[in-house]
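Chemist: The structure that follows is given in the form of structure tokens.
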Amino acid sequence: MKKTARTKILFLALLSSLSFTKPILSETPSDVGERIIHTTKFTYWIDPTSSVPLESVLKTGQFSKITDDFVNFGFLEGTLWLKLDPKDFPDPIKYPLLLIQAHNIDSVELFHKNDGNTYVVSKSGHIQPVFQREIPHRNFAFRIGHEKETILIAIRSEISLQFAFVFTNQRNLQREDYISQWIYGLFFGSLGIIILYNLAIAFFVRDRNYFYYIGYVLFFGLGQLSLLGFWGYFFVPDSYFWKRIGIPVFFSICLFFFVLFTSHFLKLKTRIPKVARFYQVLGVFSLLNAAVALFGGISQSSIGVSLLSVLICISLLIVLVWGIWRRIRSFYYFAIAFVLLLLTCTVYGLLKFGILPSNPFLEEMLFPIASLADITLFALALADRIQLLRQEKDMALAQVTSLRRERKISRDILMQSLPKTIPNVKNLQIQIFILPMKDVGGDFYEYFSPNPYEIGIVLCDVSGHGIPASLISAMGKVAFTTQKDNISSPKQVLEGMNRVLYGNCNPQYVTASYVYLNTSTKVWRFGRAGHPSAYLQRASGEIIKVHPKGKIIGVFPEIQIEESSYLVEPKDRILILSDGVLECFTPEGKMYGEAGLLEFLRTNRGLPNHLFKGKLIQDLESFSKAEIKEWEDDLTFIFLELV
């Protein structure tokens, strides 16, 4: 047949299917539009090698009863034989059609005898072009009613196998198709509108998140077309290859765009680098899985889609819990959408592996219903992100002038409140560095040395920035002066400061570290209130991280502070610091962190005390590729060495 003629026939057939003006079968007066699910009347036997000839199936096969109306065989190897005895045939006048309610079967062959000894075969499945089937349909339908003997059905498929046997008639089949095509028309139409709308926004805002989202929705929609049978019926009715690979290929590419969208939108590369790298690996595997299907590994690729879906579900659940616990706004819309998607993917994966019993509603409606809600929530999340960025930009522009004034005032207040001299304690060398950055965060320190051998040093960090932070810093210094009688006890000093500041900081708070050192008795005590750890480096090079428990100051009426005590020797070193040191980032988002600090301490153990300050600053600038004056946070550390 010439290509033009075939195109015309295909067009007319599609038009007929949509309009339902041309009946599938001729109507009879008894056609009352009924249907019955008849799956449990069939028995089945699996030929794992597909080697038993048709004539020997009834003699060789050990047929078993089917107990579920919608049967789930999962990923099945070999040939599934099904048998229906004459005594179980329904009324052929009321139910002249047998509908196998499934969408993704490679081959379906119905064998029956018509007043003779030779089997007559009717073929359907992906291997059979749609309009060469006995009844063109997105499912697999056969005419029934003239059989006198047992009928046999042979099914082979490389994709997970779930189906129901439904006996029906023309009127009911048309009615159900009419309803389902309206429903799915609305579903796929909604997806199309979402894609076009977000495509326009993507070109306007130039945000990669939108392009990843569009790719996810597009290939999800194509996967749904394949899953529901519309892809093979409307788009590739004559292509056995494209009908078979639709599900694994489209859903694999869908997963690829989904992990990109998730990782980029939630900024996992910065927030959770290991998870971001894990998603990169999943994205690569998703593309490889699609390639496996394209090269003929349909069964392996279908299993791969299910495994990747479950793996993504589990990892996303962990990421969501982390993000909500950290109260990151961008996670909230996603939390609802992801949980819905996680549940859907998990249920679908369990269905495909045969762990959960299946049914037509779950097979057809699970993903469309969940995915439309899911995709809509993703769109709302993107819209919220754009709105949030716009609000942040407007607020930033409005605050630029006032911030500039505040920075100068804050810096002046803070610098005037700091000690004017370095403590002079026998047998102790001290290096102190404090630098308020662009947005002053309120780092400050104070010390008290009642005699040449004792010193108590407090290092504090006030939350927030600007004038309020500087004023609370000044209050913190006053609170410390009230604790001079308790200099030898970090616990009493920090708990006492909390009692003074409680009720005067809201909504801000203070974190603090306190060091007491007696160079005569060689006793060092340390306590902290929500502040970073202290580090004790022995003369031998051993580094001890000191991290006693303690809540932040100014929020609770009473706090409990633990303190750690060590005996120190000459050449031992002590480092306390603010979070500005640890939270130093590269342009790519990698954090200096504790690992970077420990490596610096090990490498520079032999560095003279007076060079330590400059060397650490140099290392931080080298790591961040920026001068410290360009940083966004205060930088403070105090370095002590016994001599």
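The chains in the structure tokens are called A, B, ... from first to last as shown; in each chain the residues are counted from 1, and the ligands are counted from 1 in the order shown.
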Name all residues at most 10 Å from A:Met591 (count only C-alpha atoms; drop same-chain ones fewer than 4 positions away) and give them as a ChimeraX atom specification.
Modeler: /A:270-271,581-587,595-596,623-624
Chemist: Store the residues picked out above in a file with all heavy atoms, as an mmCIF file, in the first residue's frame.
Modeler:
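Final output, saved to again35.cif:
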```cif
data_model
loop_
_atom_site.group_PDB
_atom_site.id
_atom_site.type_symbol
_atom_site.label_atom_id
_atom_site.label_comp_id
_atom_site.auth_asym_id
_atom_site.auth_seq_id
_atom_site.Cartn_x
_atom_site.Cartn_y
_atom_site.Cartn_z
ATOM 1 N N THR A 270 24.992 22.994 47.073
ATOM 2 C CA THR A 270 25.516 23.820 48.153
ATOM 3 C C THR A 270 25.125 23.273 49.516
ATOM 4 O O THR A 270 25.938 23.222 50.437
ATOM 5 C CB THR A 270 25.004 25.268 48.025
ATOM 6 O OG1 THR A 270 25.434 25.791 46.766
ATOM 7 C CG2 THR A 270 25.526 26.138 49.142
ATOM 8 N N ARG A 271 23.862 22.836 49.621
ATOM 9 C CA ARG A 271 23.338 22.443 50.926
ATOM 10 C C ARG A 271 23.744 21.019 51.321
ATOM 11 O O ARG A 271 24.092 20.775 52.472
ATOM 12 C CB ARG A 271 21.814 22.566 50.922
ATOM 13 C CG ARG A 271 21.346 24.013 50.862
ATOM 14 C CD ARG A 271 19.870 24.121 50.591
ATOM 15 N NE ARG A 271 19.400 25.501 50.688
ATOM 16 C CZ ARG A 271 18.301 25.958 50.101
ATOM 17 N NH1 ARG A 271 17.560 25.132 49.385
ATOM 18 N NH2 ARG A 271 17.946 27.218 50.226
ATOM 19 N N VAL A 581 34.841 31.602 60.696
ATOM 20 C CA VAL A 581 36.011 30.857 60.217
ATOM 21 C C VAL A 581 35.569 29.583 59.509
ATOM 22 O O VAL A 581 35.994 29.288 58.390
ATOM 23 C CB VAL A 581 36.957 30.530 61.382
ATOM 24 C CG1 VAL A 581 38.125 29.677 60.885
ATOM 25 C CG2 VAL A 581 37.474 31.808 62.034
ATOM 26 N N LEU A 582 34.708 28.820 60.163
ATOM 27 C CA LEU A 582 34.285 27.534 59.594
ATOM 28 C C LEU A 582 33.405 27.715 58.366
ATOM 29 O O LEU A 582 33.466 26.928 57.424
ATOM 30 C CB LEU A 582 33.532 26.723 60.655
ATOM 31 C CG LEU A 582 34.313 26.393 61.934
ATOM 32 C CD1 LEU A 582 33.416 25.684 62.927
ATOM 33 C CD2 LEU A 582 35.530 25.536 61.612
ATOM 34 N N GLU A 583 32.571 28.756 58.357
ATOM 35 C CA GLU A 583 31.629 28.967 57.259
ATOM 36 C C GLU A 583 32.225 29.855 56.174
ATOM 37 O O GLU A 583 31.602 30.810 55.702
ATOM 38 C CB GLU A 583 30.323 29.541 57.793
ATOM 39 C CG GLU A 583 29.607 28.567 58.721
ATOM 40 C CD GLU A 583 28.337 29.145 59.316
ATOM 41 O OE1 GLU A 583 28.000 30.302 58.980
ATOM 42 O OE2 GLU A 583 27.684 28.454 60.118
ATOM 43 N N CYS A 584 33.431 29.506 55.798
ATOM 44 C CA CYS A 584 34.115 30.151 54.679
ATOM 45 C C CYS A 584 33.873 29.283 53.442
ATOM 46 O O CYS A 584 34.090 28.073 53.473
ATOM 47 C CB CYS A 584 35.603 30.277 54.993
ATOM 48 S SG CYS A 584 36.647 30.680 53.587
ATOM 49 N N PHE A 585 33.421 29.892 52.336
ATOM 50 C CA PHE A 585 33.019 29.130 51.159
ATOM 51 C C PHE A 585 33.857 29.499 49.940
ATOM 52 O O PHE A 585 34.290 30.647 49.782
ATOM 53 C CB PHE A 585 31.540 29.383 50.825
ATOM 54 C CG PHE A 585 30.586 28.795 51.816
ATOM 55 C CD1 PHE A 585 30.138 29.545 52.900
ATOM 56 C CD2 PHE A 585 30.134 27.494 51.673
ATOM 57 C CE1 PHE A 585 29.253 29.013 53.822
ATOM 58 C CE2 PHE A 585 29.241 26.947 52.589
ATOM 59 C CZ PHE A 585 28.804 27.700 53.660
ATOM 60 N N THR A 586 34.034 28.514 49.077
ATOM 61 C CA THR A 586 34.624 28.771 47.761
ATOM 62 C C THR A 586 33.549 29.341 46.854
ATOM 63 O O THR A 586 32.349 29.262 47.156
ATOM 64 C CB THR A 586 35.158 27.473 47.147
ATOM 65 O OG1 THR A 586 34.043 26.596 46.885
ATOM 66 C CG2 THR A 586 36.138 26.780 48.063
ATOM 67 N N PRO A 587 33.925 29.911 45.695
ATOM 68 C CA PRO A 587 32.904 30.387 44.738
ATOM 69 C C PRO A 587 31.967 29.276 44.284
ATOM 70 O O PRO A 587 30.832 29.532 43.888
ATOM 71 C CB PRO A 587 33.747 30.918 43.570
ATOM 72 C CG PRO A 587 35.059 31.274 44.183
ATOM 73 C CD PRO A 587 35.287 30.277 45.264
ATOM 74 N N ALA A 595 36.951 20.306 58.740
ATOM 75 C CA ALA A 595 37.998 19.535 58.063
ATOM 76 C C ALA A 595 39.129 20.451 57.593
ATOM 77 O O ALA A 595 40.317 20.130 57.741
ATOM 78 C CB ALA A 595 37.403 18.785 56.875
ATOM 79 N N GLY A 596 38.775 21.610 57.044
ATOM 80 C CA GLY A 596 39.798 22.553 56.599
ATOM 81 C C GLY A 596 40.598 23.121 57.758
ATOM 82 O O GLY A 596 41.821 23.289 57.663
ATOM 83 N N PHE A 623 41.505 29.894 50.220
ATOM 84 C CA PHE A 623 40.411 28.936 50.033
ATOM 85 C C PHE A 623 39.201 29.600 49.386
ATOM 86 O O PHE A 623 38.592 29.051 48.458
ATOM 87 C CB PHE A 623 40.024 28.339 51.393
ATOM 88 C CG PHE A 623 38.907 27.333 51.319
ATOM 89 C CD1 PHE A 623 39.163 26.012 50.983
ATOM 90 C CD2 PHE A 623 37.597 27.716 51.588
ATOM 91 C CE1 PHE A 623 38.133 25.085 50.907
ATOM 92 C CE2 PHE A 623 36.565 26.803 51.524
ATOM 93 C CZ PHE A 623 36.843 25.478 51.181
ATOM 94 N N SER A 624 38.828 30.776 49.863
ATOM 95 C CA SER A 624 37.619 31.453 49.380
ATOM 96 C C SER A 624 37.853 32.235 48.092
ATOM 97 O O SER A 624 36.895 32.670 47.451
ATOM 98 C CB SER A 624 37.095 32.410 50.450
ATOM 99 O OG SER A 624 38.032 33.460 50.672
#
```
Chemist: Residues of stretch 428-547 of chain A within 10 Å of stretch 551-569 of chain A: nearest atom pair and distance (Å, one decimal) for each, counting only C-alpha atoms, sorted by chain and number, as a tab-separated table?
Modeler:
```
residue	atom	partner	partner_atom	distance
A:Cys460	CA	A:Ile553	CA	9.7
A:Val462	CA	A:Ile553	CA	9.5
A:Gly476	CA	A:Ile553	CA	9.8
A:Ser489	CA	A:Glu563	CA	8.0
A:Pro490	CA	A:Glu563	CA	6.3
A:Lys491	CA	A:Ile561	CA	5.2
A:Gln492	CA	A:Ile561	CA	8.1
A:Val493	CA	A:Ile561	CA	9.5
A:Leu494	CA	A:Ile561	CA	7.2
A:Glu495	CA	A:Ile559	CA	6.1
A:Gly496	CA	A:Glu558	CA	9.1
A:Met497	CA	A:Ile553	CA	7.5
A:Asn498	CA	A:Ile553	CA	5.0
A:Arg499	CA	A:Pro557	CA	6.4
A:Val500	CA	A:Gly554	CA	8.2
A:Leu501	CA	A:Gly554	CA	5.2
A:Tyr502	CA	A:Gly554	CA	4.1
A:Gly503	CA	A:Gly554	CA	6.6
A:Asn504	CA	A:Gly554	CA	7.2
A:Cys505	CA	A:Gly554	CA	5.9
A:Asn506	CA	A:Val555	CA	7.4
A:Pro507	CA	A:Val555	CA	8.4
A:Gln508	CA	A:Gly554	CA	7.7
A:Tyr509	CA	A:Gly554	CA	5.2
A:Val510	CA	A:Ile553	CA	5.0
A:Thr511	CA	A:Ile552	CA	5.2
A:Ala512	CA	A:Ile552	CA	7.5
A:Tyr514	CA	A:Glu563	CA	9.3
A:Val515	CA	A:Glu563	CA	9.7
A:Tyr516	CA	A:Ser565	CA	9.4
A:Leu517	CA	A:Val568	CA	9.2
A:Asn518	CA	A:Val568	CA	9.5
A:Thr519	CA	A:Val568	CA	8.6
A:Thr521	CA	A:Leu567	CA	8.3
A:Lys522	CA	A:Val568	CA	5.3
A:Val523	CA	A:Leu567	CA	4.9
A:Trp524	CA	A:Tyr566	CA	5.3
A:Arg525	CA	A:Ser565	CA	4.3
A:Phe526	CA	A:Ser564	CA	5.2
A:Gly527	CA	A:Glu563	CA	4.5
A:Arg528	CA	A:Ile561	CA	7.1
A:Ala529	CA	A:Ile552	CA	4.8
A:Gly530	CA	A:Ile552	CA	4.7
A:His531	CA	A:Ile552	CA	7.7
A:Leu536	CA	A:Val568	CA	9.0
A:Gln537	CA	A:Val568	CA	9.7
A:Arg538	CA	A:Glu569	CA	8.0
A:Ala539	CA	A:Glu569	CA	7.9
A:Val546	CA	A:Ser564	CA	7.3
A:His547	CA	A:Ser564	CA	8.1
```
Chemist: If DSSP is run on the backbone, what residues of stretch 98-145 of chain A are strand (DSSP E)? A reply as an MDAnalysis selection string would be ideal.
Modeler: chainID A and resid 98:100 107:113 119:124 140:143
Chemist: Considering only C-alpha atoms, state which residue in the set A:Pro436, A:Gly550, A:Ser301, A:Gly464 is at the smallest distance from A:Lys629.
Modeler: A:Pro436
Chemist: Figure out the distance between atom CA of A:Pro48 and atom CA of A:Phe75, please, to one decimal in Å.
Modeler: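 Atom CA of A:Pro48 lies 12.1 Å from atom CA of A:Phe75.
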Chemist: Can you work out which one of A:Ile144, A:Ile617, A:Leu340, A:Leu642 has the shortest atom-to-atom distance to A:Lys426, counting only C-alpha atoms?
Modeler: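 Answer, going by the shortest atom-to-atom distance: A:Leu642.
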Chemist: Quick one: residues within 12 Å of A:Ser302, only C-alpha atoms, excluding same-chain residues fewer than 4 positions away - as a count of residues only?
Modeler: 37
Chemist: Any idea what the distance is between atom CA of A:Ile127 and atom CA of A:Tyr240?
Modeler: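 The value is 5.1 Å.
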Chemist: For A:Asn169, which residue out of A:Ala200, A:Ile36, A:Leu80, A:Ile105 is the nearest one, using only C-alpha atoms?
Modeler: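 The shortest atom-to-atom distance to A:Asn169 comes from A:Ile36.
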Chemist: Grab the atom CA of A:Asn139 to atom CA of A:Ser226 distance for me, in Å with one decimal place.
Modeler: 11.7 Å
Chemist: Let me make sure I understand: among A:Leu372, A:Val347, A:Leu266, A:Leu601, which one has the smallest atom-to-atom distance to A:Glu542 if we use only C-alpha atoms?
Modeler: A:Leu601
Chemist: Within 10 Å of stretch 630-637 of chain A, counting only C-alpha atoms, which residues qualify if same-chain residues fewer than 6 places away don't, as a ChimeraX atom specification?
Modeler: /A:431-445,459-461,465,575-585,613,616-617,621,624
Chemist: Name all residues at most 9 Å from A:Glu446 (count only C-alpha atoms; drop same-chain ones fewer than 5 positions away) and give them as JSON, numbers by chain.
Modeler: {"A": [418, 419, 456, 457, 458, 459, 460, 477, 480, 481]}
Chemist: What lies within 9 Å of A:Phe265 using only C-alpha atoms, ignoring chain neighbours under 4 positions off, as a PDB file with N, CA, C and O atoms, in the first residue's frame?
Modeler:
```pdb
ATOM      1  N   ARG A 208      17.082  28.011  34.765  1.00  0.00           N
ATOM      2  CA  ARG A 208      17.225  26.604  34.360  1.00  0.00           C
ATOM      3  C   ARG A 208      16.189  25.698  35.014  1.00  0.00           C
ATOM      4  O   ARG A 208      15.831  24.659  34.463  1.00  0.00           O
ATOM      5  N   ASN A 209      15.717  26.090  36.193  1.00  0.00           N
ATOM      6  CA  ASN A 209      14.713  25.265  36.864  1.00  0.00           C
ATOM      7  C   ASN A 209      13.501  25.035  35.974  1.00  0.00           C
ATOM      8  O   ASN A 209      12.922  23.943  35.973  1.00  0.00           O
ATOM      9  N   LEU A 260      17.509  16.386  37.937  1.00  0.00           N
ATOM     10  CA  LEU A 260      18.130  17.684  37.670  1.00  0.00           C
ATOM     11  C   LEU A 260      17.308  18.810  38.289  1.00  0.00           C
ATOM     12  O   LEU A 260      17.841  19.721  38.927  1.00  0.00           O
ATOM     13  N   PHE A 261      16.008  18.756  38.073  1.00  0.00           N
ATOM     14  CA  PHE A 261      15.100  19.771  38.597  1.00  0.00           C
ATOM     15  C   PHE A 261      15.179  19.825  40.124  1.00  0.00           C
ATOM     16  O   PHE A 261      15.306  20.891  40.731  1.00  0.00           O
ATOM     17  N   SER A 330      11.967  26.937  50.486  1.00  0.00           N
ATOM     18  CA  SER A 330      11.806  26.324  49.169  1.00  0.00           C
ATOM     19  C   SER A 330      11.428  24.854  49.257  1.00  0.00           C
ATOM     20  O   SER A 330      10.980  24.266  48.272  1.00  0.00           O
ATOM     21  N   LEU A 382       7.604  26.821  41.788  1.00  0.00           N
ATOM     22  CA  LEU A 382       8.397  27.695  40.921  1.00  0.00           C
ATOM     23  C   LEU A 382       7.883  29.132  40.983  1.00  0.00           C
ATOM     24  O   LEU A 382       8.662  30.086  41.041  1.00  0.00           O
TER      25      LEU A 382
END
```
Chemist: A:Val339, A:Leu218, A:Ile386, A:Ala479: which is nearest A:Ala202, counting only C-alpha atoms?
Modeler: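 Selected residue with least distance to A:Ala202: A:Ile386.
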Chemist: If you run DSSP on the backbone here, which positions in stretch 408-515 of chain A get helix (DSSP H, G or I)? Please write them as a PyMOL selection string.
Modeler: chain A and resi 408-417+467-481+484-486+490-501
Chemist: Using only N, CA, C and O atoms, please write the residues we just selected to a file, as a short mmCIF file (atom, residue, chain, number, x, y, z; two decimals), in the first residue's frame.
Modeler:
```cif
data_model
loop_
_atom_site.label_atom_id
_atom_site.label_comp_id
_atom_site.auth_asym_id
_atom_site.auth_seq_id
_atom_site.Cartn_x
_atom_site.Cartn_y
_atom_site.Cartn_z
N LYS A 408 28.18 51.69 59.31
CA LYS A 408 29.17 52.60 59.90
C LYS A 408 28.92 52.78 61.40
O LYS A 408 29.84 52.71 62.22
N ILE A 409 27.65 52.99 61.76
CA ILE A 409 27.32 53.16 63.18
C ILE A 409 27.64 51.89 63.96
O ILE A 409 28.22 51.93 65.05
N SER A 410 27.26 50.74 63.38
CA SER A 410 27.48 49.46 64.06
C SER A 410 28.97 49.20 64.27
O SER A 410 29.40 48.76 65.35
N ARG A 411 29.73 49.46 63.22
CA ARG A 411 31.17 49.23 63.33
C ARG A 411 31.78 50.12 64.42
O ARG A 411 32.61 49.66 65.21
N ASP A 412 31.35 51.37 64.46
CA ASP A 412 31.89 52.29 65.46
C ASP A 412 31.54 51.83 66.87
O ASP A 412 32.39 51.85 67.77
N ILE A 413 30.27 51.40 67.07
CA ILE A 413 29.85 50.95 68.40
C ILE A 413 30.65 49.74 68.82
O ILE A 413 31.16 49.65 69.96
N LEU A 414 30.77 48.78 67.90
CA LEU A 414 31.46 47.54 68.22
C LEU A 414 32.94 47.77 68.51
O LEU A 414 33.48 47.28 69.51
N MET A 415 33.61 48.50 67.65
CA MET A 415 35.04 48.68 67.81
C MET A 415 35.37 49.48 69.06
O MET A 415 36.40 49.24 69.71
N GLN A 416 34.49 50.42 69.42
CA GLN A 416 34.72 51.20 70.64
C GLN A 416 34.56 50.35 71.89
O GLN A 416 35.16 50.63 72.93
N SER A 417 33.75 49.30 71.79
CA SER A 417 33.48 48.47 72.97
C SER A 417 34.52 47.39 73.19
O SER A 417 34.56 46.77 74.26
N ILE A 467 22.78 47.76 63.91
CA ILE A 467 22.78 48.45 65.19
C ILE A 467 22.23 47.58 66.32
O ILE A 467 22.81 47.54 67.40
N PRO A 468 21.12 46.84 66.11
CA PRO A 468 20.63 46.00 67.22
C PRO A 468 21.68 45.00 67.71
O PRO A 468 21.84 44.81 68.92
N ALA A 469 22.40 44.39 66.77
CA ALA A 469 23.43 43.43 67.17
C ALA A 469 24.55 44.12 67.95
O ALA A 469 25.06 43.57 68.94
N SER A 470 24.92 45.31 67.53
CA SER A 470 25.99 46.03 68.23
C SER A 470 25.55 46.43 69.64
O SER A 470 26.35 46.38 70.58
N LEU A 471 24.29 46.82 69.79
CA LEU A 471 23.80 47.20 71.12
C LEU A 471 23.77 46.00 72.06
O LEU A 471 24.13 46.11 73.24
N ILE A 472 23.35 44.84 71.54
CA ILE A 472 23.33 43.64 72.37
C ILE A 472 24.76 43.22 72.71
O ILE A 472 25.04 42.70 73.80
N SER A 473 25.70 43.46 71.79
CA SER A 473 27.11 43.19 72.09
C SER A 473 27.57 44.01 73.30
O SER A 473 28.26 43.50 74.19
N ALA A 474 27.17 45.26 73.30
CA ALA A 474 27.54 46.12 74.43
C ALA A 474 26.90 45.61 75.73
O ALA A 474 27.53 45.60 76.80
N MET A 475 25.64 45.15 75.64
CA MET A 475 24.97 44.60 76.82
C MET A 475 25.68 43.33 77.29
O MET A 475 25.77 43.05 78.49
N GLY A 476 26.16 42.52 76.31
CA GLY A 476 26.87 41.30 76.66
C GLY A 476 28.13 41.58 77.44
O GLY A 476 28.50 40.84 78.37
N LYS A 477 28.84 42.65 77.08
CA LYS A 477 30.05 43.02 77.81
C LYS A 477 29.70 43.39 79.26
O LYS A 477 30.42 43.02 80.20
N VAL A 478 28.59 44.10 79.43
CA VAL A 478 28.17 44.47 80.79
C VAL A 478 27.82 43.22 81.58
O VAL A 478 28.17 43.08 82.75
N ALA A 479 27.10 42.28 80.91
CA ALA A 479 26.73 41.03 81.58
C ALA A 479 27.97 40.27 82.03
O ALA A 479 27.98 39.65 83.10
N PHE A 480 29.02 40.30 81.22
CA PHE A 480 30.24 39.59 81.59
C PHE A 480 30.91 40.21 82.81
O PHE A 480 31.44 39.51 83.68
N THR A 481 30.88 41.53 82.89
CA THR A 481 31.54 42.20 84.03
C THR A 481 30.88 41.83 85.36
O THR A 481 31.52 41.92 86.41
N LYS A 484 32.68 38.53 87.31
CA LYS A 484 34.11 38.46 87.58
C LYS A 484 34.46 37.62 88.79
O LYS A 484 35.56 37.06 88.88
N ASP A 485 33.52 37.52 89.72
CA ASP A 485 33.80 36.69 90.90
C ASP A 485 33.80 35.20 90.56
O ASP A 485 34.27 34.38 91.37
N ASN A 486 33.25 34.86 89.39
CA ASN A 486 33.15 33.44 89.00
C ASN A 486 34.14 33.09 87.89
O ASN A 486 33.92 32.15 87.13
N PRO A 490 33.55 28.35 83.94
CA PRO A 490 32.79 28.65 82.72
C PRO A 490 31.29 28.46 82.89
O PRO A 490 30.49 29.22 82.35
N LYS A 491 30.91 27.44 83.66
CA LYS A 491 29.50 27.17 83.90
C LYS A 491 28.81 28.37 84.55
O LYS A 491 27.77 28.86 84.07
N GLN A 492 29.40 28.89 85.65
CA GLN A 492 28.78 30.00 86.37
C GLN A 492 28.80 31.29 85.55
O GLN A 492 27.85 32.07 85.59
N VAL A 493 29.88 31.51 84.80
CA VAL A 493 29.98 32.73 84.00
C VAL A 493 28.88 32.77 82.93
O VAL A 493 28.14 33.75 82.79
N LEU A 494 28.75 31.70 82.17
CA LEU A 494 27.79 31.69 81.06
C LEU A 494 26.35 31.63 81.56
O LEU A 494 25.47 32.31 81.00
N GLU A 495 26.09 30.85 82.60
CA GLU A 495 24.74 30.83 83.15
C GLU A 495 24.37 32.18 83.75
O GLU A 495 23.22 32.64 83.65
N GLY A 496 25.35 32.85 84.39
CA GLY A 496 25.10 34.18 84.95
C GLY A 496 24.84 35.21 83.86
O GLY A 496 23.95 36.06 84.00
N MET A 497 25.59 35.17 82.76
CA MET A 497 25.34 36.08 81.64
C MET A 497 23.95 35.87 81.06
O MET A 497 23.27 36.83 80.69
N ASN A 498 23.49 34.63 81.02
CA ASN A 498 22.15 34.35 80.50
C ASN A 498 21.08 34.99 81.37
O ASN A 498 20.10 35.55 80.86
N ARG A 499 21.26 34.92 82.70
CA ARG A 499 20.26 35.52 83.59
C ARG A 499 20.19 37.03 83.40
O ARG A 499 19.12 37.63 83.49
N VAL A 500 21.30 37.65 83.10
CA VAL A 500 21.31 39.10 82.88
C VAL A 500 20.66 39.46 81.54
O VAL A 500 19.88 40.42 81.44
N LEU A 501 20.96 38.68 80.50
CA LEU A 501 20.51 39.04 79.15
C LEU A 501 19.11 38.52 78.82
O LEU A 501 18.49 39.01 77.87
#
```
